[in-house]
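Chemist: So that you have it, the file is target38.tsv, and it contains TSV, C-alpha atoms and all ligand atoms:
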```
chain	number	residue	atom	x	y	z
A	113	MET	CA	96.26	95.51	95.54
A	114	THR	CA	99.89	96.26	94.70
A	115	HIS	CA	102.14	93.57	96.12
A	116	ILE	CA	105.10	94.68	98.23
A	117	GLY	CA	107.33	92.71	95.83
A	118	ASP	CA	106.24	94.94	92.94
A	119	LEU	CA	107.23	98.04	94.94
A	120	MET	CA	110.57	96.45	95.88
A	121	ARG	CA	111.32	95.80	92.21
A	122	MET	CA	110.69	99.37	91.07
A	123	ALA	CA	114.23	100.58	91.83
A	124	PRO	CA	117.35	99.25	93.55
A	125	VAL	CA	116.88	101.58	96.54
A	126	ILE	CA	114.00	102.63	98.78
A	127	PRO	CA	114.99	105.94	100.40
A	128	VAL	CA	114.41	105.94	104.16
A	129	LEU	CA	113.43	109.51	104.97
A	130	VAL	CA	113.46	111.43	108.23
A	131	ILE	CA	111.70	114.72	107.57
A	132	ASP	CA	112.14	117.51	110.11
A	133	ASP	CA	110.69	120.38	108.11
A	134	LEU	CA	107.36	120.03	106.34
A	135	ASP	CA	108.38	122.63	103.76
A	136	GLU	CA	111.16	120.31	102.59
A	137	ALA	CA	108.87	117.32	102.02
A	138	LYS	CA	107.49	118.05	98.56
A	139	PRO	CA	110.79	119.30	97.06
A	140	LEU	CA	112.47	116.21	98.48
A	141	ALA	CA	109.92	113.91	96.81
A	142	GLU	CA	110.28	115.84	93.55
A	143	ALA	CA	114.07	115.51	93.70
A	144	LEU	CA	113.95	111.76	94.37
A	145	VAL	CA	111.32	111.05	91.70
A	146	ALA	CA	113.30	113.16	89.20
A	147	GLY	CA	116.28	110.92	89.93
A	148	GLY	CA	114.21	107.77	89.35
A	149	LEU	CA	113.34	106.75	92.93
A	150	ARG	CA	109.55	106.66	93.20
A	151	VAL	CA	108.98	104.43	96.22
A	152	LEU	CA	109.55	106.64	99.27
A	153	GLU	CA	109.53	105.54	102.92
A	154	VAL	CA	108.73	108.37	105.32
A	155	THR	CA	109.62	107.34	108.85
A	156	LEU	CA	107.14	108.25	111.57
A	157	ARG	CA	109.99	109.58	113.66
A	158	THR	CA	109.18	113.26	113.40
A	159	GLU	CA	106.07	115.22	114.26
A	160	CYS	CA	105.50	116.41	110.71
A	161	ALA	CA	105.83	112.95	109.12
A	162	PRO	CA	102.09	112.40	108.46
A	163	ASP	CA	101.71	115.82	106.83
A	164	ALA	CA	104.97	115.27	104.94
A	165	MET	CA	103.49	112.05	103.52
A	166	ARG	CA	100.40	113.93	102.35
A	167	ALA	CA	102.54	116.63	100.69
A	168	MET	CA	104.80	114.09	98.99
A	169	ALA	CA	101.87	112.09	97.63
A	170	GLU	CA	100.98	115.15	95.52
A	171	VAL	CA	104.14	114.62	93.48
A	172	GLU	CA	103.37	112.82	90.25
A	173	GLY	CA	104.87	109.37	90.20
A	174	ALA	CA	105.63	109.23	93.93
A	175	ILE	CA	104.52	106.16	95.88
A	176	VAL	CA	104.64	107.22	99.51
A	177	GLY	CA	104.64	104.80	102.42
A	178	ALA	CA	105.25	104.98	106.15
A	179	GLY	CA	108.25	103.58	108.03
A	180	THR	CA	108.87	103.15	111.73
A	181	VAL	CA	105.38	101.74	112.12
A	182	ASN	CA	106.01	100.18	115.51
A	183	THR	CA	102.47	99.83	116.88
A	184	ALA	CA	98.89	99.41	115.70
A	185	ALA	CA	98.37	103.06	116.66
A	186	ASP	CA	101.26	104.06	114.38
A	187	PHE	CA	99.55	102.09	111.64
A	188	GLU	CA	96.34	104.11	112.14
A	189	THR	CA	98.39	107.32	111.86
A	190	ALA	CA	100.01	106.05	108.66
A	191	LYS	CA	96.71	104.95	107.15
A	192	ALA	CA	95.08	108.30	107.95
A	193	ALA	CA	97.98	110.03	106.19
A	194	GLY	CA	97.32	107.94	103.07
A	195	ALA	CA	100.29	105.58	103.31
A	196	GLN	CA	100.48	103.36	100.23
A	197	PHE	CA	102.69	100.81	101.96
A	198	ILE	CA	103.89	100.10	105.48
A	199	VAL	CA	107.40	99.39	106.76
A	200	SER	CA	108.22	98.31	110.29
A	201	PRO	CA	111.59	97.70	111.93
A	202	GLY	CA	110.22	94.43	113.35
A	203	LEU	CA	107.38	91.97	113.13
A	204	THR	CA	104.56	91.81	115.66
A	205	PRO	CA	101.11	90.21	115.33
A	206	SER	CA	99.29	93.45	116.18
A	207	VAL	CA	100.94	95.49	113.41
A	208	ALA	CA	100.88	92.61	110.92
A	209	ASP	CA	97.15	91.96	111.54
A	210	ALA	CA	96.26	95.63	111.18
A	211	VAL	CA	98.21	96.05	107.94
A	212	THR	CA	97.07	92.85	106.29
A	213	GLN	CA	93.44	93.44	107.24
A	214	ALA	CA	93.67	96.86	105.60
A	215	GLY	CA	95.14	95.18	102.51
A	216	LEU	CA	98.21	97.41	102.33
A	217	PRO	CA	101.60	96.18	101.10
A	218	PHE	CA	103.72	95.37	104.16
A	219	LEU	CA	107.48	95.15	104.67
A	220	PRO	CA	108.25	94.07	108.25
A	221	GLY	CA	111.75	93.84	109.64
A	222	VAL	CA	113.43	90.53	110.47
A	223	ALA	CA	116.89	89.72	111.81
A	224	THR	CA	116.66	86.03	112.78
A	225	ALA	CA	115.39	82.70	111.45
A	226	GLY	CA	112.68	82.78	114.12
A	227	ASP	CA	111.48	86.18	112.87
A	228	ILE	CA	111.24	84.80	109.33
A	229	MET	CA	109.39	81.69	110.49
A	230	ARG	CA	106.87	83.82	112.38
A	231	GLY	CA	106.42	85.91	109.23
A	232	LEU	CA	105.84	82.83	107.10
A	233	GLU	CA	103.22	81.65	109.61
A	234	MET	CA	101.46	84.98	109.04
A	235	GLY	CA	101.57	84.50	105.27
A	236	LEU	CA	104.43	86.98	104.74
A	237	ASP	CA	107.52	86.28	102.65
A	238	HIS	CA	108.97	89.71	101.81
A	239	PHE	CA	111.03	91.23	104.61
A	240	LYS	CA	113.29	94.08	105.53
A	241	PHE	CA	116.57	92.69	106.90
A	242	PHE	CA	117.19	95.13	109.72
A	243	PRO	CA	119.61	96.34	111.00
A	244	ALA	CA	121.46	94.87	108.03
A	245	VAL	CA	125.10	95.63	108.83
A	246	ALA	CA	124.80	95.42	112.62
A	247	ALA	CA	122.94	92.08	112.32
A	248	GLY	CA	125.92	90.51	110.58
A	249	GLY	CA	126.07	92.05	107.13
A	250	VAL	CA	126.11	90.22	103.81
A	251	PRO	CA	127.34	86.86	105.24
A	252	ALA	CA	124.52	86.86	107.79
A	253	LEU	CA	121.80	87.48	105.21
A	254	LYS	CA	123.25	84.87	102.84
A	255	ALA	CA	123.22	82.29	105.64
A	256	LEU	CA	119.77	83.31	106.81
A	257	ALA	CA	118.22	83.35	103.35
A	258	ALA	CA	119.50	79.87	102.40
A	259	PRO	CA	116.83	77.86	104.25
A	260	PHE	CA	114.09	80.26	103.12
A	261	ALA	CA	114.46	80.13	99.34
A	262	GLY	CA	111.02	81.62	98.68
A	263	CYS	CA	111.67	84.74	100.77
A	264	ARG	CA	112.77	88.10	99.41
A	265	PHE	CA	114.61	90.82	101.29
A	266	CYS	CA	115.33	94.53	101.51
A	267	PRO	CA	118.46	94.98	103.65
A	268	THR	CA	118.39	98.29	105.53
A	269	GLY	CA	120.56	99.85	108.20
A	270	GLY	CA	124.16	100.65	107.36
A	271	VAL	CA	123.66	100.20	103.62
A	272	GLY	CA	125.23	102.92	101.49
A	273	ALA	CA	126.73	103.69	98.10
A	274	ASP	CA	129.92	101.89	99.19
A	275	ASN	CA	128.32	98.49	99.89
A	276	ALA	CA	124.91	98.48	98.15
A	277	ARG	CA	126.12	96.48	95.14
A	278	GLU	CA	127.26	93.67	97.39
A	279	TRP	CA	123.82	93.42	98.94
A	280	LEU	CA	122.04	93.71	95.60
A	281	ALA	CA	124.11	90.84	94.22
A	282	ILE	CA	122.36	88.44	96.62
A	283	GLU	CA	119.71	86.63	94.59
A	284	GLN	CA	116.96	87.00	97.19
A	285	VAL	CA	117.56	90.74	97.62
A	286	LEU	CA	115.14	92.78	95.50
A	287	CYS	CA	116.28	96.19	96.71
A	288	VAL	CA	118.00	97.88	99.63
A	289	GLY	CA	116.78	100.64	101.93
A	290	GLY	CA	118.82	103.58	103.07
A	291	SER	CA	119.00	107.17	104.15
A	292	TRP	CA	122.17	107.94	102.17
A	293	VAL	CA	120.23	109.00	99.06
A	294	ALA	CA	118.51	111.81	100.96
A	295	PRO	CA	120.86	113.40	103.49
A	296	ARG	CA	118.93	115.61	105.91
A	297	GLY	CA	118.95	119.17	104.62
A	298	GLY	CA	120.52	118.15	101.29
A	299	GLU	CA	119.97	120.39	98.27
A	300	PRO	CA	117.43	118.98	95.76
A	301	GLU	CA	119.96	118.89	92.89
A	302	TRP	CA	122.35	116.83	95.00
A	303	ILE	CA	119.56	114.46	96.04
A	304	THR	CA	118.50	113.96	92.41
A	305	ARG	CA	122.10	113.11	91.56
A	306	LEU	CA	122.31	110.62	94.44
A	307	ALA	CA	119.01	109.07	93.32
A	308	ARG	CA	120.27	108.69	89.74
A	309	GLU	CA	123.44	107.03	91.01
A	310	ALA	CA	121.31	104.72	93.14
A	311	CYS	CA	119.24	103.75	90.10
A	312	GLY	CA	122.45	102.77	88.34
A	313	LEU	CA	123.49	100.33	91.06
A	314	THR	CA	122.12	97.31	89.24
A	315	ALA	CA	123.29	98.45	85.80
B	401	LIG	O1	117.19	103.34	111.16
B	401	LIG	C1	117.77	103.48	110.15
B	401	LIG	C2	117.15	103.37	108.83
B	401	LIG	O2	116.62	102.11	108.71
B	401	LIG	C3	118.09	103.67	107.73
B	401	LIG	O3	119.35	103.29	108.05
B	401	LIG	P1	120.62	104.05	107.43
B	401	LIG	O4	120.56	105.47	107.93
B	401	LIG	O5	121.80	103.30	107.95
B	401	LIG	O6	120.47	103.98	105.94
B	402	LIG	C1	114.26	101.23	110.62
B	402	LIG	C2	112.97	100.83	110.11
B	402	LIG	O1	112.79	99.74	109.67
B	402	LIG	C3	111.90	101.75	110.13
B	402	LIG	O2	112.09	102.84	110.65
B	402	LIG	O3	110.82	101.43	109.64
```
Give the structure from this file in C-alpha cells form.
Modeler:
Amino acid sequence: MTHIGDLMRMAPVIPVLVIDDLDEAKPLAEALVAGGLRVLEVTLRTECAPDAMRAMAEVEGAIVGAGTVNTAADFETAKAAGAQFIVSPGLTPSVADAVTQAGLPFLPGVATAGDIMRGLEMGLDHFKFFPAVAAGGVPALKALAAPFAGCRFCPTGGVGADNAREWLAIEQVLCVGGSWVAPRGGEPEWITRLAREACGLTA
C-alpha cells in the first residue's frame, strides 16, 4: 500500500478541488498533471464529484483521492469512485476505522493537541492541519508540532501562493493543500502555470 507520507512528498502542494461541471474534470486533471501536480484531492462537495474522480483517474500520472470525507457513508462513496487516498476535515473513529480497514492512505484533519493525540492512539501520524490560517497560522502549527516530533502535516485552509513558503519551511510540513492552484472555471493553461509555480515553491 502507498503510504500517505509518500503522496505528501510527491509535490509541495495538493490541489483541493471543487468540481461543479463534470466536463471540466478531465481537462483540469490534465492541466494539473502537466504542471507537475499529480496528487489531486477532489472534494465530495458537489454532486458530480464521484464521476469527476473517475474521469480524472483516466489521466496518466494522476493520483486521485477524495476530500470532504465526513462520514463512513462518504467513505463508501469515495471508495466506489476509486479514490486512491482519503482526506477528511476532521478525525472521527468511524471514518478512521473505515479507511484503515480498507487499507487506503488517510489524511485526517487536526487542529488541536487532543486531535493529534486521538490520531496517535489510532496509529495515525500524518495529518492535515485544518483550517490552517484560521486555527492560528504558522505560529500555531509550530507550537502544536513541537511536542509531536514524529508527526507530519499538510496545512490547508487559507494557504496560498503568498504564504505557502512560510508553511513549507516548517520541518514537519511535507506539503500544503489549497484551492488556489485550480481556481473554479480557470483556463487549463493558467492552471498549468499555477501548478508549475507551485512545484517551484520548495526550489
Ligand atoms: O475548505 C477549504 C479547503 O480546505 C481549501 O481551502 P482554501 O480554499 O483556503 O485553499
Ligand atoms: C477541508 C477539508 O479538509 C476537506 O474538504 O477534506
Chemist: Please provide the set of residues having any atom within 8 Å of A:Pro124, restricted to all atoms listed in the file, with same-chain residues fewer than 6 positions apart removed, written as a PDB file with C-alpha atoms, in the coordinates of the input.
Modeler:
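Writing done, so here's part00.pdb:
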```
ATOM      1  CA  LEU A 280     122.040  93.710  95.600  1.00  0.00           C
ATOM      2  CA  LEU A 286     115.140  92.780  95.500  1.00  0.00           C
ATOM      3  CA  CYS A 287     116.280  96.190  96.710  1.00  0.00           C
ATOM      4  CA  VAL A 288     118.000  97.880  99.630  1.00  0.00           C
ATOM      5  CA  ALA A 310     121.310 104.720  93.140  1.00  0.00           C
ATOM      6  CA  CYS A 311     119.240 103.750  90.100  1.00  0.00           C
ATOM      7  CA  LEU A 313     123.490 100.330  91.060  1.00  0.00           C
ATOM      8  CA  THR A 314     122.120  97.310  89.240  1.00  0.00           C
TER       9      THR A 314
END
```
Chemist: Using only C-alpha atoms, which residues sit within 8 Å of stretch 252-261 of chain A once same-chain residues fewer than 4 positions away are excluded, as a count of residues only?
Modeler: 8
Chemist: What lies within 9 Å of A:Val271 using only C-alpha atoms, ignoring chain neighbours under 2 positions off, as number ranges by chain?
Modeler: A: 244-245, 267-269, 273-276, 279, 288-292
Chemist: Hey, which of A:Asp163, A:Asp186, A:Glu153, A:Asp118 ends up closest to ligand LIG 401 (chain B)? Count all atoms listed in the file.
Modeler: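 With all atoms listed in the file as the atom set, the closest residue is A:Glu153.
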Chemist: Which of these residues is nearest to A:Val211, using all atoms listed in the file: A:Asp132, A:Glu299, A:Asp237, A:Glu188?
Modeler: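 Of A:Asp132, A:Glu299, A:Asp237, A:Glu188, the one nearest A:Val211 is A:Glu188, counting all atoms listed in the file.
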Chemist: Which is closer to A:Ile131 than all the others in A:Val222, A:Ile175, A:Leu156, A:Ala281, using all atoms listed in the file?
Modeler: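 Using all atoms listed in the file, the shortest distance to A:Ile131 belongs to A:Leu156.
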Chemist: Please write out the residues within 7 Å of ligand LIG 402 (chain B) as a VMD selection string, counting all atoms listed in the file.
Modeler: chain A and resid 155 179 to 181 199 to 202 221 242 269
Chemist: Mind dumping the selected residues with C-alpha atoms as a compact mmCIF listing (two decimals), in the frame of the given file?
Modeler:
```txt
# COMPACT_ATOMS: atom_id res chain seq x y z
CA THR A 155 109.62 107.34 108.85
CA GLY A 179 108.25 103.58 108.03
CA THR A 180 108.87 103.15 111.73
CA VAL A 181 105.38 101.74 112.12
CA VAL A 199 107.40 99.39 106.76
CA SER A 200 108.22 98.31 110.29
CA PRO A 201 111.59 97.70 111.93
CA GLY A 202 110.22 94.43 113.35
CA GLY A 221 111.75 93.84 109.64
CA PHE A 242 117.19 95.13 109.72
CA GLY A 269 120.56 99.85 108.20
```
Chemist: Let me make sure I understand: among A:Gly148, A:Gly177, A:Gly270, A:Gly231, which one has the smallest atom-to-atom distance to ligand LIG 401 (chain B) if we use only C-alpha atoms and all ligand atoms?
Modeler: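 When distances to ligand LIG 401 (chain B) are compared using only C-alpha atoms and all ligand atoms, the smallest one comes from A:Gly270.
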Chemist: Contacts of A:Arg150 at 9 Å or less, counting all atoms listed in the file, minus same-chain residues fewer than 6 places along, as an MDAnalysis selection string?
Modeler: chainID A and resid 122:123 126 141 144 173:176
Chemist: Taking into account only C-alpha atoms, which residue in the set A:Cys266, A:Ala210, A:Val128, A:Met168 is nearest to A:Val145?
Modeler: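 Looking at the shortest contact to A:Val145, the residue is A:Met168.
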Chemist: If you measure from atom CA of A:Met120 to atom CA of A:Ser206, what distance in Å do you get, rounded to one decimal?
Modeler: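 Atom CA of A:Ser206 lies at a distance of 23.4 Å from atom CA of A:Met120.
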Chemist: Could you check how far atom CA of A:Ile116 sits from atom CA of A:Glu309, in Å to one decimal?
Modeler: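 Taking atom CA of A:Ile116 as the start and atom CA of A:Glu309 as the end point, the length is 23.3 Å.
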Chemist: How would stretch 259-278 of chain A look with N, CA and C atoms restored, written as an mmCIF file, in the frame of the given file?
Modeler:
```cif
data_model
loop_
_atom_site.group_PDB
_atom_site.id
_atom_site.type_symbol
_atom_site.label_atom_id
_atom_site.label_comp_id
_atom_site.auth_asym_id
_atom_site.auth_seq_id
_atom_site.Cartn_x
_atom_site.Cartn_y
_atom_site.Cartn_z
ATOM 1 N N PRO A 259 117.931 78.796 103.983
ATOM 2 C CA PRO A 259 116.830 77.860 104.250
ATOM 3 C C PRO A 259 115.453 78.400 103.866
ATOM 4 N N PHE A 260 115.392 79.633 103.432
ATOM 5 C CA PHE A 260 114.090 80.260 103.120
ATOM 6 C C PHE A 260 114.111 80.757 101.671
ATOM 7 N N ALA A 261 114.224 79.789 100.755
ATOM 8 C CA ALA A 261 114.460 80.130 99.340
ATOM 9 C C ALA A 261 113.359 80.996 98.750
ATOM 10 N N GLY A 262 112.143 80.868 99.254
ATOM 11 C CA GLY A 262 111.020 81.620 98.680
ATOM 12 C C GLY A 262 110.930 83.055 99.201
ATOM 13 N N CYS A 263 111.769 83.403 100.168
ATOM 14 C CA CYS A 263 111.670 84.740 100.770
ATOM 15 C C CYS A 263 112.493 85.760 99.987
ATOM 16 N N ARG A 264 112.060 86.997 100.062
ATOM 17 C CA ARG A 264 112.770 88.100 99.410
ATOM 18 C C ARG A 264 113.040 89.186 100.445
ATOM 19 N N PHE A 265 114.146 89.918 100.240
ATOM 20 C CA PHE A 265 114.610 90.820 101.290
ATOM 21 C C PHE A 265 114.978 92.210 100.786
ATOM 22 N N CYS A 266 114.868 93.163 101.715
ATOM 23 C CA CYS A 266 115.330 94.530 101.510
ATOM 24 C C CYS A 266 116.248 94.873 102.689
ATOM 25 N N PRO A 267 117.565 94.638 102.556
ATOM 26 C CA PRO A 267 118.460 94.980 103.650
ATOM 27 C C PRO A 267 118.467 96.495 103.897
ATOM 28 N N THR A 268 118.417 96.866 105.158
ATOM 29 C CA THR A 268 118.390 98.290 105.530
ATOM 30 C C THR A 268 119.105 98.470 106.859
ATOM 31 N N GLY A 269 119.846 99.574 106.964
ATOM 32 C CA GLY A 269 120.560 99.850 108.200
ATOM 33 C C GLY A 269 122.052 99.655 107.981
ATOM 34 N N GLY A 270 122.736 100.747 107.646
ATOM 35 C CA GLY A 270 124.160 100.650 107.360
ATOM 36 C C GLY A 270 124.468 100.399 105.894
ATOM 37 N N VAL A 271 123.424 100.376 105.059
ATOM 38 C CA VAL A 271 123.660 100.200 103.620
ATOM 39 C C VAL A 271 123.906 101.573 103.017
ATOM 40 N N GLY A 272 124.886 101.637 102.120
ATOM 41 C CA GLY A 272 125.230 102.920 101.490
ATOM 42 C C GLY A 272 125.795 102.682 100.106
ATOM 43 N N ALA A 273 126.204 103.785 99.474
ATOM 44 C CA ALA A 273 126.730 103.690 98.100
ATOM 45 C C ALA A 273 127.953 102.769 98.050
ATOM 46 N N ASP A 274 128.688 102.678 99.175
ATOM 47 C CA ASP A 274 129.920 101.890 99.190
ATOM 48 C C ASP A 274 129.681 100.383 99.220
ATOM 49 N N ASN A 275 128.528 99.943 99.747
ATOM 50 C CA ASN A 275 128.320 98.490 99.890
ATOM 51 C C ASN A 275 127.019 97.983 99.262
ATOM 52 N N ALA A 276 126.236 98.889 98.660
ATOM 53 C CA ALA A 276 124.910 98.480 98.150
ATOM 54 C C ALA A 276 125.008 97.396 97.083
ATOM 55 N N ARG A 277 126.021 97.483 96.219
ATOM 56 C CA ARG A 277 126.120 96.480 95.140
ATOM 57 C C ARG A 277 126.287 95.075 95.689
ATOM 58 N N GLU A 278 127.040 94.983 96.778
ATOM 59 C CA GLU A 278 127.260 93.670 97.390
ATOM 60 C C GLU A 278 125.956 93.049 97.884
#
```
